[in-house]
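Source file: data-v8.pdb; contents: PDB, C-alpha atoms and all ligand atoms.
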ATOM      1  CA  MET A  27     -63.432 -24.436 -26.732
ATOM      2  CA  PRO A  28     -65.585 -26.212 -24.127
ATOM      3  CA  SER A  29     -68.929 -24.547 -23.896
ATOM      4  CA  VAL A  30     -69.100 -22.819 -20.539
ATOM      5  CA  ALA A  31     -71.705 -20.404 -21.847
ATOM      6  CA  THR A  32     -74.412 -23.035 -21.580
ATOM      7  CA  ALA A  33     -73.872 -23.407 -17.814
ATOM      8  CA  ALA A  34     -76.930 -22.216 -15.935
ATOM      9  CA  ILE A  35     -76.696 -18.555 -15.045
ATOM     10  CA  ASN A  36     -78.271 -17.422 -11.807
ATOM     11  CA  ASP A  37     -79.869 -14.194 -12.920
ATOM     12  CA  PRO A  38     -80.153 -11.754  -9.984
ATOM     13  CA  ALA A  39     -83.211 -10.101 -11.574
ATOM     14  CA  ALA A  40     -85.130 -13.377 -11.676
ATOM     15  CA  GLY A  41     -83.970 -14.191  -8.150
ATOM     16  CA  TRP A  42     -85.085 -10.799  -6.897
ATOM     17  CA  ASP A  43     -88.522 -11.181  -8.453
ATOM     18  CA  ARG A  44     -88.898 -14.637  -7.001
ATOM     19  CA  LEU A  45     -87.900 -13.442  -3.533
ATOM     20  CA  TRP A  46     -90.332 -10.524  -3.756
ATOM     21  CA  ARG A  47     -93.105 -12.963  -4.664
ATOM     22  CA  ASP A  48     -92.115 -15.209  -1.743
ATOM     23  CA  TYR A  49     -92.283 -12.289   0.679
ATOM     24  CA  LEU A  50     -95.680 -11.166  -0.608
ATOM     25  CA  LEU A  51     -96.989 -14.702  -0.369
ATOM     26  CA  ASP A  52     -95.605 -15.009   3.150
ATOM     27  CA  VAL A  53     -97.136 -11.788   4.500
ATOM     28  CA  GLY A  54    -100.329 -12.488   2.531
ATOM     29  CA  VAL A  55    -100.821 -15.912   4.115
ATOM     30  CA  ILE A  56     -99.959 -14.604   7.585
ATOM     31  CA  PHE A  57    -102.406 -11.739   7.163
ATOM     32  CA  ALA A  58    -105.172 -14.059   6.005
ATOM     33  CA  VAL A  59    -104.637 -16.488   8.888
ATOM     34  CA  PHE A  60    -104.592 -13.728  11.512
ATOM     35  CA  ALA A  61    -107.596 -11.968   9.997
ATOM     36  CA  LEU A  62    -109.593 -15.193   9.845
ATOM     37  CA  VAL A  63    -108.755 -16.293  13.395
ATOM     38  CA  GLY A  64    -109.441 -12.763  14.670
ATOM     39  CA  LEU A  65    -112.789 -12.672  12.918
ATOM     40  CA  VAL A  66    -113.855 -16.092  14.220
ATOM     41  CA  PHE A  67    -112.898 -15.153  17.789
ATOM     42  CA  MET A  68    -114.642 -11.800  17.541
ATOM     43  CA  LEU A  69    -117.876 -13.422  16.452
ATOM     44  CA  ARG A  70    -117.730 -16.456  18.650
ATOM     45  CA  TYR A  71    -116.791 -14.699  21.873
ATOM     46  CA  ARG A  72    -118.651 -11.454  21.371
ATOM     47  CA  ARG A  73    -120.685  -9.967  24.214
ATOM     48  CA  ARG A  74    -124.336 -10.929  23.820
ATOM     49  CA  SER A  75    -125.871  -8.703  26.516
ATOM     50  CA  THR A  76    -124.669  -5.464  28.107
ATOM     51  CA  ASP A  77    -124.186  -7.006  31.556
ATOM     52  CA  GLU A  78    -122.486 -10.160  30.380
ATOM     53  CA  GLU A  79    -119.254 -11.104  32.136
ATOM     54  CA  GLY A  80    -116.578 -13.212  30.556
ATOM     55  CA  ASP A  81    -116.258 -16.829  31.632
ATOM     56  CA  GLY A  82    -113.488 -18.075  29.415
ATOM     57  CA  PRO A  83    -112.265 -21.475  30.549
ATOM     58  CA  PRO A  84    -108.673 -21.161  31.856
ATOM     59  CA  LEU A  85    -106.064 -22.747  29.594
ATOM     60  CA  SER A  86    -104.089 -25.642  30.936
ATOM     61  CA  LYS A  87    -100.359 -24.994  31.298
ATOM     62  CA  MET A  88     -99.593 -27.257  28.350
ATOM     63  CA  ALA A  89    -102.149 -25.542  26.132
ATOM     64  CA  ALA A  90    -100.754 -22.118  27.055
ATOM     65  CA  VAL A  91     -97.200 -23.215  26.255
ATOM     66  CA  GLY A  92     -98.412 -24.792  23.019
ATOM     67  CA  TRP A  93    -100.152 -21.618  21.883
ATOM     68  CA  VAL A  94     -96.865 -19.758  22.288
ATOM     69  CA  VAL A  95     -94.299 -22.289  21.136
ATOM     70  CA  ILE A  96     -96.017 -23.721  18.047
ATOM     71  CA  PRO A  97     -96.713 -20.368  16.329
ATOM     72  CA  VAL A  98     -93.201 -19.184  17.179
ATOM     73  CA  PHE A  99     -91.718 -22.227  15.467
ATOM     74  CA  VAL A 100     -93.958 -21.819  12.454
ATOM     75  CA  PHE A 101     -92.989 -18.165  12.092
ATOM     76  CA  MET A 102     -89.316 -18.847  12.701
ATOM     77  CA  ALA A 103     -89.365 -21.567  10.056
ATOM     78  CA  ASP A 104     -90.679 -19.251   7.382
ATOM     79  CA  ASP A 105     -88.425 -16.395   8.488
ATOM     80  CA  LEU A 106     -85.423 -18.677   8.243
ATOM     81  CA  PHE A 107     -86.582 -19.870   4.841
ATOM     82  CA  LEU A 108     -86.820 -16.295   3.565
ATOM     83  CA  ALA A 109     -83.476 -15.432   5.154
ATOM     84  CA  ALA A 110     -81.860 -18.393   3.392
ATOM     85  CA  ARG A 111     -83.392 -17.357   0.073
ATOM     86  CA  SER A 112     -82.130 -13.791   0.636
ATOM     87  CA  TRP A 113     -78.655 -15.060   1.406
ATOM     88  CA  GLN A 114     -78.682 -17.182  -1.738
ATOM     89  CA  LEU A 115     -79.740 -14.173  -3.808
ATOM     90  CA  TRP A 116     -76.996 -12.057  -2.286
ATOM     91  CA  ASN A 117     -74.484 -14.667  -3.443
ATOM     92  CA  TRP A 118     -75.932 -14.505  -6.948
ATOM     93  CA  TYR A 119     -75.272 -10.771  -6.898
ATOM     94  CA  ARG A 120     -71.662 -11.267  -5.842
ATOM     95  CA  GLU A 121     -70.690 -14.273  -7.979
ATOM     96  CA  VAL A 122     -70.142 -13.118 -11.530
ATOM     97  CA  PRO A 123     -70.431 -15.753 -14.276
ATOM     98  CA  ALA A 124     -67.089 -16.547 -15.911
ATOM     99  CA  ASP A 125     -68.297 -15.919 -19.448
ATOM    100  CA  ARG A 126     -68.962 -12.217 -19.192
ATOM    101  CA  LEU A 127     -68.345  -8.942 -20.897
ATOM    102  CA  GLU A 128     -66.337  -6.817 -18.485
ATOM    103  CA  ILE A 129     -66.582  -3.061 -18.804
ATOM    104  CA  LYS A 130     -65.079  -0.266 -16.756
ATOM    105  CA  LEU A 131     -67.323   2.480 -15.484
ATOM    106  CA  GLU A 132     -66.032   5.811 -14.308
ATOM    107  CA  SER A 133     -68.723   7.926 -12.687
ATOM    108  CA  ALA A 134     -68.440  11.682 -12.627
ATOM    109  CA  MET A 135     -70.570  14.749 -11.931
ATOM    110  CA  TRP A 136     -72.686  14.194 -13.961
ATOM    111  CA  ARG A 137     -72.152  11.396 -16.410
ATOM    112  CA  TRP A 138     -71.285   7.750 -16.825
ATOM    113  CA  ASP A 139     -68.124   6.953 -18.778
ATOM    114  CA  PHE A 140     -67.779   3.368 -19.944
ATOM    115  CA  THR A 141     -64.620   1.750 -21.315
ATOM    116  CA  TYR A 142     -64.790  -1.594 -23.153
ATOM    117  CA  PRO A 143     -61.952  -4.155 -23.110
ATOM    118  CA  ASN A 144     -60.888  -3.064 -26.627
ATOM    119  CA  GLY A 145     -60.510   0.565 -25.560
ATOM    120  CA  VAL A 146     -63.794   1.834 -26.988
ATOM    121  CA  GLN A 147     -65.301   4.528 -24.792
ATOM    122  CA  VAL A 148     -68.891   5.672 -24.570
ATOM    123  CA  THR A 149     -70.723   8.087 -22.311
ATOM    124  CA  ASN A 150     -74.166   7.498 -20.813
ATOM    125  CA  GLU A 151     -75.180   4.937 -23.421
ATOM    126  CA  LEU A 152     -73.962   1.431 -22.743
ATOM    127  CA  ARG A 153     -74.341  -0.973 -25.625
ATOM    128  CA  VAL A 154     -74.284  -4.680 -24.818
ATOM    129  CA  PRO A 155     -75.115  -7.941 -26.586
ATOM    130  CA  ALA A 156     -78.174  -9.923 -25.556
ATOM    131  CA  GLY A 157     -77.560 -13.259 -23.848
ATOM    132  CA  ARG A 158     -74.266 -12.553 -22.153
ATOM    133  CA  PRO A 159     -73.705 -11.413 -18.559
ATOM    134  CA  VAL A 160     -72.211  -7.943 -18.260
ATOM    135  CA  MET A 161     -69.953  -6.933 -15.393
ATOM    136  CA  LEU A 162     -69.133  -3.344 -14.543
ATOM    137  CA  ARG A 163     -66.056  -2.479 -12.549
ATOM    138  CA  MET A 164     -66.769   0.932 -11.163
ATOM    139  CA  THR A 165     -65.077   3.872  -9.608
ATOM    140  CA  ALA A 166     -65.796   7.607  -9.429
ATOM    141  CA  ILE A 167     -63.585  10.617 -10.014
ATOM    142  CA  ASP A 168     -65.349  13.018  -7.648
ATOM    143  CA  VAL A 169     -68.113  12.037  -5.244
ATOM    144  CA  VAL A 170     -70.169   8.971  -4.407
ATOM    145  CA  HIS A 171     -72.621   7.939  -7.115
ATOM    146  CA  SER A 172     -74.765   4.860  -7.334
ATOM    147  CA  PHE A 173     -75.306   3.054 -10.598
ATOM    148  CA  TYR A 174     -78.852   1.766 -10.773
ATOM    149  CA  LEU A 175     -80.508  -0.429 -13.399
ATOM    150  CA  PRO A 176     -84.104  -0.857 -12.218
ATOM    151  CA  ASP A 177     -85.014  -3.339 -14.965
ATOM    152  CA  PHE A 178     -82.111  -5.595 -14.058
ATOM    153  CA  ARG A 179     -82.725  -5.191 -10.301
ATOM    154  CA  VAL A 180     -79.140  -4.141  -9.590
ATOM    155  CA  LYS A 181     -77.665  -1.096  -7.906
ATOM    156  CA  GLU A 182     -74.199  -0.429  -6.565
ATOM    157  CA  ASP A 183     -72.310   2.601  -5.314
ATOM    158  CA  SER A 184     -69.386   3.828  -7.341
ATOM    159  CA  MET A 185     -67.030   5.984  -5.352
ATOM    160  CA  PRO A 186     -63.650   7.653  -5.462
ATOM    161  CA  GLY A 187     -60.663   5.572  -4.379
ATOM    162  CA  ARG A 188     -62.456   2.256  -4.528
ATOM    163  CA  VAL A 189     -63.405  -0.245  -7.169
ATOM    164  CA  THR A 190     -66.831  -1.819  -6.764
ATOM    165  CA  TYR A 191     -68.722  -4.032  -9.170
ATOM    166  CA  LEU A 192     -72.096  -5.188 -10.274
ATOM    167  CA  TRP A 193     -73.304  -7.502 -12.970
ATOM    168  CA  PHE A 194     -76.518  -8.030 -14.840
ATOM    169  CA  TYR A 195     -77.867 -10.448 -17.382
ATOM    170  CA  PRO A 196     -79.421  -8.763 -20.427
ATOM    171  CA  GLN A 197     -81.539 -11.268 -22.313
ATOM    172  CA  LYS A 198     -84.097  -9.280 -24.276
ATOM    173  CA  THR A 199     -83.090  -6.620 -26.749
ATOM    174  CA  GLY A 200     -84.284  -3.115 -26.000
ATOM    175  CA  GLU A 201     -83.447   0.029 -24.113
ATOM    176  CA  TYR A 202     -83.261   0.138 -20.349
ATOM    177  CA  ILE A 203     -82.777   3.118 -18.089
ATOM    178  CA  ALA A 204     -79.574   3.587 -16.094
ATOM    179  CA  THR A 205     -79.688   6.203 -13.408
ATOM    180  CA  CYS A 206     -77.812   7.586 -10.425
ATOM    181  CA  ALA A 207     -79.350   6.572  -7.106
ATOM    182  CA  GLU A 208     -77.126   8.567  -4.765
ATOM    183  CA  TYR A 209     -77.575  12.309  -4.442
ATOM    184  CA  CYS A 210     -74.400  13.744  -5.947
ATOM    185  CA  GLY A 211     -74.984  17.449  -6.497
ATOM    186  CA  MET A 212     -77.062  19.969  -8.410
ATOM    187  CA  MET A 213     -77.548  17.876 -11.555
ATOM    188  CA  HIS A 214     -78.043  14.547  -9.840
ATOM    189  CA  SER A 215     -81.535  14.203 -11.272
ATOM    190  CA  LYS A 216     -80.115  14.596 -14.779
ATOM    191  CA  MET A 217     -77.551  11.893 -14.248
ATOM    192  CA  PHE A 218     -79.067   9.108 -16.263
ATOM    193  CA  GLY A 219     -78.376   7.169 -19.393
ATOM    194  CA  LYS A 220     -79.409   3.899 -20.889
ATOM    195  CA  VAL A 221     -78.382   0.361 -21.549
ATOM    196  CA  VAL A 222     -79.038  -0.663 -25.127
ATOM    197  CA  VAL A 223     -79.293  -4.420 -25.548
ATOM    198  CA  VAL A 224     -78.808  -5.531 -29.151
ATOM    199  CA  PRO A 225     -78.497  -8.902 -30.918
ATOM    200  CA  PRO A 226     -74.962 -10.352 -30.559
ATOM    201  CA  ALA A 227     -74.117  -9.985 -34.271
ATOM    202  CA  GLU A 228     -75.192  -6.346 -34.283
ATOM    203  CA  PHE A 229     -73.115  -5.732 -31.180
ATOM    204  CA  ALA A 230     -70.041  -7.387 -32.707
ATOM    205  CA  ALA A 231     -70.307  -5.223 -35.814
ATOM    206  CA  TRP A 232     -70.662  -2.039 -33.762
ATOM    207  CA  TYR A 233     -67.861  -3.081 -31.407
ATOM    208  CA  ASP A 234     -65.384  -3.750 -34.221
ATOM    209  CA  ALA A 235     -66.317  -0.566 -36.074
ATOM    210  CA  GLU A 236     -65.796   1.504 -32.918
ATOM    211  CA  ALA A 237     -62.481  -0.229 -32.231
ATOM    212  CA  LYS A 238     -61.346   0.612 -35.743
ATOM    213  CA  LYS A 239     -62.211   4.279 -35.140
ATOM    214  CA  VAL A 240     -60.085   4.230 -31.981
ATOM    215  CA  ALA A 241     -57.179   2.598 -33.845
ATOM    216  CA  ASP A 242     -57.458   5.076 -36.744
ATOM    217  CA  ALA A 243     -57.488   8.024 -34.351
ATOM    218  CA  LYS A 244     -54.403   6.643 -32.607
ATOM    219  CA  SER A 245     -52.424   6.110 -35.782
ATOM    220  CA  ALA A 246     -53.405   9.610 -36.965
ATOM    221  CA  THR A 247     -51.915  11.139 -33.812
ATOM    222  CA  PRO A 248     -48.140  11.675 -34.076
ATOM    223  CA  GLY A 249     -46.412   9.637 -31.413
ATOM    224  CA  GLY A 250     -49.710   7.998 -30.505
TER
HETATM  225 CU    CU B 301     -74.432  10.703  -9.386
END

How does this structure look as structure tokens?
Amino acid sequence: MPSVATAAINDPAAGWDRLWRDYLLDVGVIFAVFALVGLVFMLRYRRRSTDEEGDGPPLSKMAAVGWVVIPVFVFMADDLFLAARSWQLWNWYREVPADRLEIKLESAMWRWDFTYPNGVQVTNELRVPAGRPVMLRMTAIDVVHSFYLPDFRVKEDSMPGRVTYLWFYPQKTGEYIATCAEYCGMMHSKMFGKVVVVPPAEFAAWYDAEAKKVADAKSATPGG
């Protein structure tokens, strides 16, 4: 099989963090420039005696236009840059890598029900292998919920009568919180679970063992 898994994966979490850093840098630099210019002007043009009247030299027309147009272009350039970066990140969120583990999620008041491709079902605790993108195809059986994985920087509504999706890229093993981010009733605040990221071999063993349980249960049921 040709190795598609080695193709670069655009991780939304990394993209989000980068964009956040870009925004902070942007507003930080703008703040520093404005603060510095403001401070220089305040000191340089301050009133030196109580009866002093201003005698600022009038700006030439060209200088006045320049003071408006040049900063506008500078600001527009960086706004457009950030907008382009944001657009790129949005596309990362929407384009799911081909080599992925696809899982169904059915949201309900108040739990998350996951179904793996082999029929294994789990509630509230999603187990996934490290190093492979995971896609959730979501719907809800009652009201609007929102599946939120803060560590993976992804959040998407799951709602009745519609199938939505999100994907994330678990790379480090560990446990990560999964929570509902859309008020959905009395127990909304208790509607959370976790994503457990395990080494691929450990996942495969668990996955096959669970599948066997499902198969055994089926064959034990008459007519199943
Ligand atoms: Cu909910």

Report, as AutoDock Vina command-line options, the centre and edge lengths in Å (one decimal) of the axis-aligned box enclosing every listed atom of region 148-152 of chain A, padded by 4 Å on each side.
--center_x -72.0 --center_y 4.8 --center_z -22.7 --size_x 14.3 --size_y 14.7 --size_z 11.8

Shell of 12 Å around ligand CU 301 (chain B) (all atoms listed in the file), written as a VMD selection string = chain A and resid 132 to 139 150 165 to 174 182 to 186 204 to 219

Atom pair CA of Ile56 (chain A) / CA of Tyr71 (chain A): separation (Å) =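 That distance, rounded to one decimal, is 22.1 Å.
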
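This file gives the following result for the PyMOL selection byres (((chain A and resi 157) around 10) and not hetatm): Ala31, Arg126, Val154, Pro155, Ala156, Arg158, Pro159, Val160, Tyr195, Pro196, Gln197, Lys198, Thr199, Val223, Val224, Pro225 and Pro226 of chain A.
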
I'd like a table as CSV: residues in region 185-236 of chain A with an atom no more than 9 Å from region 112-123 of chain A, each row giving the shortest atom pair and its distance in Å to one decimal, only C-alpha atoms counted, sorted by chain and rising residue number.
residue,atom,partner,partner_atom,distance
A:Tyr191,CA,A:Arg120,CA,8.5
A:Leu192,CA,A:Tyr119,CA,7.3
A:Trp193,CA,A:Val122,CA,6.6
A:Phe194,CA,A:Tyr119,CA,8.5

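Each of A:Leu127, A:Val146, A:Leu69, A:Val59 was checked against Ala241 (chain A) using all atoms listed in the file; the smallest atom-to-atom distance is that of A:Val146.
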
Using all atoms listed in the file, find the one residue out of A:Leu162, A:Pro143, A:Arg179, A:Glu78 that sits nearest to Leu45 (chain A).
->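 Smallest separation from Leu45 (chain A) among the options: A:Arg179.
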